[in-house]
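Structure data (mmCIF, C-alpha atoms) from final22.cif:
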data_entry
loop_
_atom_site.group_PDB
_atom_site.id
_atom_site.type_symbol
_atom_site.label_atom_id
_atom_site.label_comp_id
_atom_site.auth_asym_id
_atom_site.auth_seq_id
_atom_site.Cartn_x
_atom_site.Cartn_y
_atom_site.Cartn_z
ATOM 1 C CA MET A 1 -34.412 55.629 41.562
ATOM 2 C CA PHE A 2 -31.785 55.530 38.841
ATOM 3 C CA HIS A 3 -31.576 52.270 36.909
ATOM 4 C CA VAL A 4 -30.170 51.725 33.424
ATOM 5 C CA GLU A 5 -29.500 48.597 31.435
ATOM 6 C CA LEU A 6 -27.374 48.522 28.300
ATOM 7 C CA SER A 7 -27.512 45.884 25.593
ATOM 8 C CA ALA A 8 -24.337 44.535 24.041
ATOM 9 C CA ASP A 9 -26.472 43.446 21.064
ATOM 10 C CA SER A 10 -27.775 46.948 20.327
ATOM 11 C CA ALA A 11 -26.757 48.790 17.179
ATOM 12 C CA GLN A 12 -26.583 51.938 19.320
ATOM 13 C CA PRO A 13 -23.273 52.667 21.041
ATOM 14 C CA PRO A 14 -23.359 52.435 24.862
ATOM 15 C CA TYR A 15 -23.199 56.214 25.425
ATOM 16 C CA GLU A 16 -26.265 56.676 23.206
ATOM 17 C CA GLN A 17 -28.149 53.875 24.962
ATOM 18 C CA LEU A 18 -27.397 55.564 28.283
ATOM 19 C CA ARG A 19 -28.388 59.019 27.022
ATOM 20 C CA THR A 20 -31.639 57.681 25.585
ATOM 21 C CA ALA A 21 -32.460 55.703 28.740
ATOM 22 C CA VAL A 22 -32.083 58.801 30.919
ATOM 23 C CA ILE A 23 -34.285 60.891 28.610
ATOM 24 C CA GLU A 24 -36.946 58.162 28.548
ATOM 25 C CA GLN A 25 -36.962 58.012 32.357
ATOM 26 C CA VAL A 26 -37.275 61.801 32.588
ATOM 27 C CA ARG A 27 -40.215 61.745 30.170
ATOM 28 C CA ALA A 28 -41.860 58.905 32.079
ATOM 29 C CA GLY A 29 -41.452 60.758 35.367
ATOM 30 C CA THR A 30 -39.241 58.045 36.851
ATOM 31 C CA LEU A 31 -36.398 60.568 37.124
ATOM 32 C CA THR A 32 -37.682 63.894 38.367
ATOM 33 C CA ALA A 33 -36.041 67.280 38.696
ATOM 34 C CA GLY A 34 -33.422 67.291 41.408
ATOM 35 C CA THR A 35 -32.804 63.522 41.349
ATOM 36 C CA LYS A 36 -29.131 62.846 41.962
ATOM 37 C CA ILE A 37 -27.578 60.476 39.453
ATOM 38 C CA PRO A 38 -24.526 58.286 40.039
ATOM 39 C CA THR A 39 -21.029 59.606 39.504
ATOM 40 C CA VAL A 40 -19.343 58.797 36.220
ATOM 41 C CA ARG A 41 -17.014 56.289 37.863
ATOM 42 C CA ALA A 42 -19.761 54.605 39.891
ATOM 43 C CA LEU A 43 -22.091 54.187 36.931
ATOM 44 C CA ALA A 44 -19.260 52.993 34.677
ATOM 45 C CA ALA A 45 -18.385 50.351 37.257
ATOM 46 C CA ASP A 46 -22.042 49.301 37.664
ATOM 47 C CA LEU A 47 -22.549 48.995 33.905
ATOM 48 C CA GLY A 48 -19.136 47.497 33.171
ATOM 49 C CA ILE A 49 -18.215 50.204 30.657
ATOM 50 C CA ALA A 50 -15.456 52.786 30.384
ATOM 51 C CA PRO A 51 -15.828 55.989 32.424
ATOM 52 C CA ASN A 52 -15.310 58.025 29.233
ATOM 53 C CA THR A 53 -18.458 56.430 27.799
ATOM 54 C CA VAL A 54 -20.545 57.570 30.761
ATOM 55 C CA ALA A 55 -18.854 60.985 30.727
ATOM 56 C CA ARG A 56 -19.787 61.461 27.070
ATOM 57 C CA ALA A 57 -23.431 60.612 27.747
ATOM 58 C CA TYR A 58 -23.494 62.973 30.739
ATOM 59 C CA ARG A 59 -21.915 65.796 28.675
ATOM 60 C CA GLU A 60 -24.515 65.387 25.950
ATOM 61 C CA LEU A 61 -27.349 65.262 28.475
ATOM 62 C CA GLU A 62 -26.009 68.402 30.114
ATOM 63 C CA ALA A 63 -25.724 70.161 26.735
ATOM 64 C CA ASP A 64 -29.361 69.235 26.056
ATOM 65 C CA GLY A 65 -30.434 70.637 29.424
ATOM 66 C CA VAL A 66 -31.459 67.286 30.891
ATOM 67 C CA LEU A 67 -28.673 67.200 33.509
ATOM 68 C CA GLU A 68 -27.032 69.874 35.581
ATOM 69 C CA THR A 69 -23.728 69.485 37.354
ATOM 70 C CA ARG A 70 -23.264 71.117 40.742
ATOM 71 C CA GLY A 71 -19.531 70.810 41.247
ATOM 72 C CA ARG A 72 -18.593 68.469 44.070
ATOM 73 C CA GLN A 73 -22.245 67.810 44.862
ATOM 74 C CA GLY A 74 -22.574 65.787 41.658
ATOM 75 C CA SER A 75 -24.965 65.624 38.736
ATOM 76 C CA PHE A 76 -28.721 65.967 38.973
ATOM 77 C CA ILE A 77 -31.739 65.860 36.693
ATOM 78 C CA ALA A 78 -32.217 69.488 35.681
ATOM 79 C CA SER A 79 -34.974 71.498 37.275
ATOM 80 C CA SER A 80 -36.143 72.561 33.827
ATOM 81 C CA GLY A 81 -37.652 69.101 33.436
ATOM 82 C CA ASP A 82 -37.888 67.580 29.976
ATOM 83 C CA PRO A 83 -36.241 69.977 27.516
ATOM 84 C CA THR A 84 -36.386 67.508 24.650
ATOM 85 C CA ARG A 85 -39.721 68.745 23.319
ATOM 86 C CA ASP A 86 -38.428 72.310 23.290
ATOM 87 C CA ILE A 87 -35.297 71.250 21.406
ATOM 88 C CA ALA A 88 -37.378 69.198 18.946
ATOM 89 C CA GLY A 89 -39.741 72.128 18.424
ATOM 90 C CA ARG A 90 -36.875 74.471 17.636
ATOM 91 C CA ALA A 91 -35.437 71.905 15.208
ATOM 92 C CA ALA A 92 -38.819 71.684 13.476
ATOM 93 C CA VAL A 93 -38.999 75.467 13.120
ATOM 94 C CA ASP A 94 -35.478 75.527 11.665
ATOM 95 C CA TYR A 95 -36.419 72.747 9.234
ATOM 96 C CA VAL A 96 -39.576 74.500 8.050
ATOM 97 C CA ASN A 97 -37.675 77.784 7.635
ATOM 98 C CA THR A 98 -35.062 75.997 5.524
ATOM 99 C CA ILE A 99 -37.731 74.294 3.376
ATOM 100 C CA ARG A 100 -39.470 77.619 2.761
ATOM 101 C CA ARG A 101 -36.185 79.420 2.024
ATOM 102 C CA LEU A 102 -35.476 76.739 -0.607
ATOM 103 C CA GLY A 103 -38.901 77.318 -2.151
ATOM 104 C CA LEU A 104 -40.133 73.782 -1.500
ATOM 105 C CA THR A 105 -43.733 72.944 -0.639
ATOM 106 C CA ASP A 106 -45.137 71.630 2.619
ATOM 107 C CA ALA A 107 -45.821 68.343 0.814
ATOM 108 C CA ASP A 108 -42.111 68.161 -0.105
ATOM 109 C CA ALA A 109 -41.159 68.798 3.526
ATOM 110 C CA LEU A 110 -43.444 66.031 4.769
ATOM 111 C CA GLU A 111 -42.133 63.618 2.147
ATOM 112 C CA PHE A 112 -38.542 64.244 3.285
ATOM 113 C CA VAL A 113 -39.577 63.562 6.869
ATOM 114 C CA ARG A 114 -41.459 60.379 5.926
ATOM 115 C CA ARG A 115 -38.483 59.053 3.953
ATOM 116 C CA THR A 116 -36.113 59.845 6.790
ATOM 117 C CA LEU A 117 -38.325 58.177 9.380
ATOM 118 C CA ASP A 118 -38.675 55.111 7.170
ATOM 119 C CA SER A 119 -34.929 54.728 6.629
#
Would you kindly transcribe this structure into structure tokens?
Amino acid sequence: MFHVELSADSAQPPYEQLRTAVIEQVRAGTLTAGTKIPTVRALAADLGIAPNTVARAYRELEADGVLETRGRQGSFIASSGDPTRDIAGRAAVDYVNTIRRLGLTDADALEFVRRTLDS
């Protein structure tokens, strides 16, 4: 079952709240591969937001491999499951490669991550 709530008080823009909510539900197993999600217009109407906001979230989710669009059939949770860990892993490899190319230490790399997480 697809259910999302957005908060008007959140610092995150609505499209990001929607994108994050879908990813969290995929990770939790609430949304499984092949689950059909509402159309852009239907979800926009349900949430009381602009269709372009939902469309942006859907585009980003599709680019990340979380959603797949099947033409007139609609949009579905991708059969690849949760690609977020794969994307995060590749980002970590890129980060470590950059740190090493710059000649910085592992301790430097961890300190940058800690500072970023704390900000």
Give me the residues within 12 Å of Thr32 in chain A as a PDB file with C-alpha atoms, keeping the file's coordinate frame, counting only C-alpha atoms and dropping any in the same chain fewer than 6 places off.
ATOM      1  CA  MET A   1     -34.412  55.629  41.562  1.00  0.00           C
ATOM      2  CA  PHE A   2     -31.785  55.530  38.841  1.00  0.00           C
ATOM      3  CA  VAL A  22     -32.083  58.801  30.919  1.00  0.00           C
ATOM      4  CA  ILE A  23     -34.285  60.891  28.610  1.00  0.00           C
ATOM      5  CA  GLU A  24     -36.946  58.162  28.548  1.00  0.00           C
ATOM      6  CA  GLN A  25     -36.962  58.012  32.357  1.00  0.00           C
ATOM      7  CA  VAL A  26     -37.275  61.801  32.588  1.00  0.00           C
ATOM      8  CA  VAL A  66     -31.459  67.286  30.891  1.00  0.00           C
ATOM      9  CA  LEU A  67     -28.673  67.200  33.509  1.00  0.00           C
ATOM     10  CA  PHE A  76     -28.721  65.967  38.973  1.00  0.00           C
ATOM     11  CA  ILE A  77     -31.739  65.860  36.693  1.00  0.00           C
ATOM     12  CA  ALA A  78     -32.217  69.488  35.681  1.00  0.00           C
ATOM     13  CA  SER A  79     -34.974  71.498  37.275  1.00  0.00           C
ATOM     14  CA  SER A  80     -36.143  72.561  33.827  1.00  0.00           C
ATOM     15  CA  GLY A  81     -37.652  69.101  33.436  1.00  0.00           C
ATOM     16  CA  ASP A  82     -37.888  67.580  29.976  1.00  0.00           C
TER      17      ASP A  82
END
Exercise for the section: Tell me, in Å to one decimal, how far CA of Glu62 in chain A is from CA of Gln17 in chain A. Expected result: 15.6 Å
Report, as lines of an AutoDock Vina configuration file, the axis-aligned box around all atoms of range 2-8 of chain A present in the file, extended by 6 Å on each side; give centre and edge lengths in Å to one decimal place.
center_x = -28.1
center_y = 50.0
center_z = 31.4
size_x = 19.4
size_y = 23.0
size_z = 26.8
Exercise for the section: One decimal, Å: what's the distance from CA of Pro38 in chain A over to CA of Gly65 in chain A, could you say? Expected result: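 About the pair CA of Pro38 in chain A and CA of Gly65 in chain A: they are 17.3 Å apart.
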Exercise for the section: Return the single residue from A:Leu6, A:Ala88, A:Ile37, A:Leu110 that is closest to Ile49 in chain A, with distances computed using only C-alpha atoms. Expected result: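 So, comparing all the options, the nearest one is A:Leu6.
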Which residues fall under the PyMOL selection byres ((chain A and resi 41) around 9) in this file, as a PDB file with C-alpha atoms, in the coordinates of the input?
ATOM      1  CA  PRO A  38     -24.526  58.286  40.039  1.00  0.00           C
ATOM      2  CA  THR A  39     -21.029  59.606  39.504  1.00  0.00           C
ATOM      3  CA  VAL A  40     -19.343  58.797  36.220  1.00  0.00           C
ATOM      4  CA  ALA A  42     -19.761  54.605  39.891  1.00  0.00           C
ATOM      5  CA  LEU A  43     -22.091  54.187  36.931  1.00  0.00           C
ATOM      6  CA  ALA A  44     -19.260  52.993  34.677  1.00  0.00           C
ATOM      7  CA  ALA A  45     -18.385  50.351  37.257  1.00  0.00           C
ATOM      8  CA  ASP A  46     -22.042  49.301  37.664  1.00  0.00           C
ATOM      9  CA  ALA A  50     -15.456  52.786  30.384  1.00  0.00           C
ATOM     10  CA  PRO A  51     -15.828  55.989  32.424  1.00  0.00           C
ATOM     11  CA  ASN A  52     -15.310  58.025  29.233  1.00  0.00           C
ATOM     12  CA  VAL A  54     -20.545  57.570  30.761  1.00  0.00           C
ATOM     13  CA  ALA A  55     -18.854  60.985  30.727  1.00  0.00           C
TER      14      ALA A  55
END
Fill in the blank from the handout: Restricting to all atoms listed in the file, whichever of A:Arg27, A:Phe112, A:Ser75, A:His3 is closest to Ile99 in chain A is A:Phe112
Fill in the blank from the handout: What separates CA of Arg59 in chain A and CA of Glu5 in chain A is a distance of 19.0 Å
Set the distance at 9 Å and use only C-alpha atoms: which residues neighbour Asp64 in chain A once local chain neighbours fewer than 4 positions away are removed? I'd like the list as a short mmCIF file (atom, residue, chain, number, x, y, z; two decimals) with C-alpha atoms, keeping the file's coordinate frame.
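out_38.cif, written as the output of this step:
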data_model
loop_
_atom_site.label_atom_id
_atom_site.label_comp_id
_atom_site.auth_asym_id
_atom_site.auth_seq_id
_atom_site.Cartn_x
_atom_site.Cartn_y
_atom_site.Cartn_z
CA ARG A 59 -21.92 65.80 28.68
CA GLU A 60 -24.52 65.39 25.95
CA PRO A 83 -36.24 69.98 27.52
CA THR A 84 -36.39 67.51 24.65
CA ILE A 87 -35.30 71.25 21.41
#
Problem - Spatial neighbours of Ala109 in chain A, 10 Å, all atoms listed in the file, chain gap at least 6 places, as a list in words - result: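 Contacts, with the query itself left out: Tyr95, Val96, Thr98, Ile99 and Arg100 of chain A.
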Go ahead and save the picked residues with C-alpha atoms, as a CSV table (one decimal), in the coordinates of the input.
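Below is the file part-v4.csv, written as the result:
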chain,number,residue,atom,x,y,z
A,95,TYR,CA,-36.4,72.7,9.2
A,96,VAL,CA,-39.6,74.5,8.0
A,98,THR,CA,-35.1,76.0,5.5
A,99,ILE,CA,-37.7,74.3,3.4
A,100,ARG,CA,-39.5,77.6,2.8
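The shortest atom-to-atom distance to Ala21 in chain A, with only C-alpha atoms taken into account, belongs to A:Leu61 out of A:Leu61, A:Thr105, A:Glu68, A:Asp9.
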Handout entry: Among the residues A:Thr30, A:Lys36, A:Gln12, A:Gly103, the one that comes closest to Arg70 in chain A [using all atoms listed in the file]
Key =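 Distance minimum relative to Arg70 in chain A lands on A:Lys36.
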Residue completion, range 93-113 of chain A, N, CA, C and O atoms, as a short mmCIF file (atom, residue, chain, number, x, y, z; two decimals), in the frame of the given file:
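The resulting file, part.cif, is reproduced below:
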data_model
loop_
_atom_site.label_atom_id
_atom_site.label_comp_id
_atom_site.auth_asym_id
_atom_site.auth_seq_id
_atom_site.Cartn_x
_atom_site.Cartn_y
_atom_site.Cartn_z
N VAL A 93 -38.90 74.10 13.65
CA VAL A 93 -39.00 75.47 13.12
C VAL A 93 -37.85 75.74 12.16
O VAL A 93 -38.05 76.28 11.06
N ASP A 94 -36.64 75.34 12.54
CA ASP A 94 -35.48 75.53 11.66
C ASP A 94 -35.67 74.78 10.35
O ASP A 94 -35.35 75.29 9.27
N TYR A 95 -36.19 73.55 10.43
CA TYR A 95 -36.42 72.75 9.23
C TYR A 95 -37.43 73.42 8.31
O TYR A 95 -37.19 73.56 7.10
N VAL A 96 -38.55 73.85 8.86
CA VAL A 96 -39.58 74.50 8.05
C VAL A 96 -39.03 75.78 7.43
O VAL A 96 -39.27 76.06 6.24
N ASN A 97 -38.27 76.56 8.19
CA ASN A 97 -37.67 77.78 7.64
C ASN A 97 -36.75 77.47 6.47
O ASN A 97 -36.75 78.18 5.46
N THR A 98 -35.97 76.40 6.60
CA THR A 98 -35.06 76.00 5.52
C THR A 98 -35.85 75.57 4.29
O THR A 98 -35.53 75.96 3.16
N ILE A 99 -36.89 74.76 4.49
CA ILE A 99 -37.73 74.29 3.38
C ILE A 99 -38.33 75.49 2.63
O ILE A 99 -38.31 75.56 1.40
N ARG A 100 -38.84 76.44 3.38
CA ARG A 100 -39.47 77.62 2.76
C ARG A 100 -38.44 78.48 2.05
O ARG A 100 -38.70 79.00 0.96
N ARG A 101 -37.26 78.63 2.64
CA ARG A 101 -36.18 79.42 2.02
C ARG A 101 -35.76 78.78 0.70
O ARG A 101 -35.38 79.48 -0.25
N LEU A 102 -35.83 77.46 0.62
CA LEU A 102 -35.48 76.74 -0.61
C LEU A 102 -36.61 76.74 -1.63
O LEU A 102 -36.44 76.27 -2.76
N GLY A 103 -37.77 77.25 -1.24
CA GLY A 103 -38.90 77.32 -2.15
C GLY A 103 -39.63 76.00 -2.34
O GLY A 103 -40.38 75.83 -3.30
N LEU A 104 -39.45 75.07 -1.41
CA LEU A 104 -40.13 73.78 -1.50
C LEU A 104 -41.50 73.87 -0.83
O LEU A 104 -41.75 74.74 -0.01
N THR A 105 -42.37 72.94 -1.19
CA THR A 105 -43.73 72.94 -0.64
C THR A 105 -43.79 72.20 0.69
O THR A 105 -42.88 71.45 1.04
N ASP A 106 -44.91 72.37 1.38
CA ASP A 106 -45.14 71.63 2.62
C ASP A 106 -45.18 70.13 2.34
O ASP A 106 -44.70 69.32 3.14
N ALA A 107 -45.77 69.76 1.18
CA ALA A 107 -45.82 68.34 0.81
C ALA A 107 -44.41 67.79 0.63
O ALA A 107 -44.12 66.65 1.04
N ASP A 108 -43.51 68.58 0.04
CA ASP A 108 -42.11 68.16 -0.10
C ASP A 108 -41.48 67.94 1.27
O ASP A 108 -40.80 66.95 1.50
N ALA A 109 -41.73 68.89 2.18
CA ALA A 109 -41.16 68.80 3.53
C ALA A 109 -41.62 67.52 4.23
O ALA A 109 -40.81 66.81 4.83
N LEU A 110 -42.91 67.23 4.13
CA LEU A 110 -43.44 66.03 4.77
C LEU A 110 -42.88 64.76 4.13
O LEU A 110 -42.60 63.78 4.83
N GLU A 111 -42.70 64.79 2.82
CA GLU A 111 -42.13 63.62 2.15
C GLU A 111 -40.70 63.36 2.61
O GLU A 111 -40.31 62.21 2.83
N PHE A 112 -39.90 64.41 2.78
CA PHE A 112 -38.54 64.24 3.28
C PHE A 112 -38.55 63.63 4.68
O PHE A 112 -37.77 62.74 5.00
N VAL A 113 -39.47 64.09 5.52
CA VAL A 113 -39.58 63.56 6.87
C VAL A 113 -40.00 62.09 6.83
O VAL A 113 -39.40 61.26 7.53
#
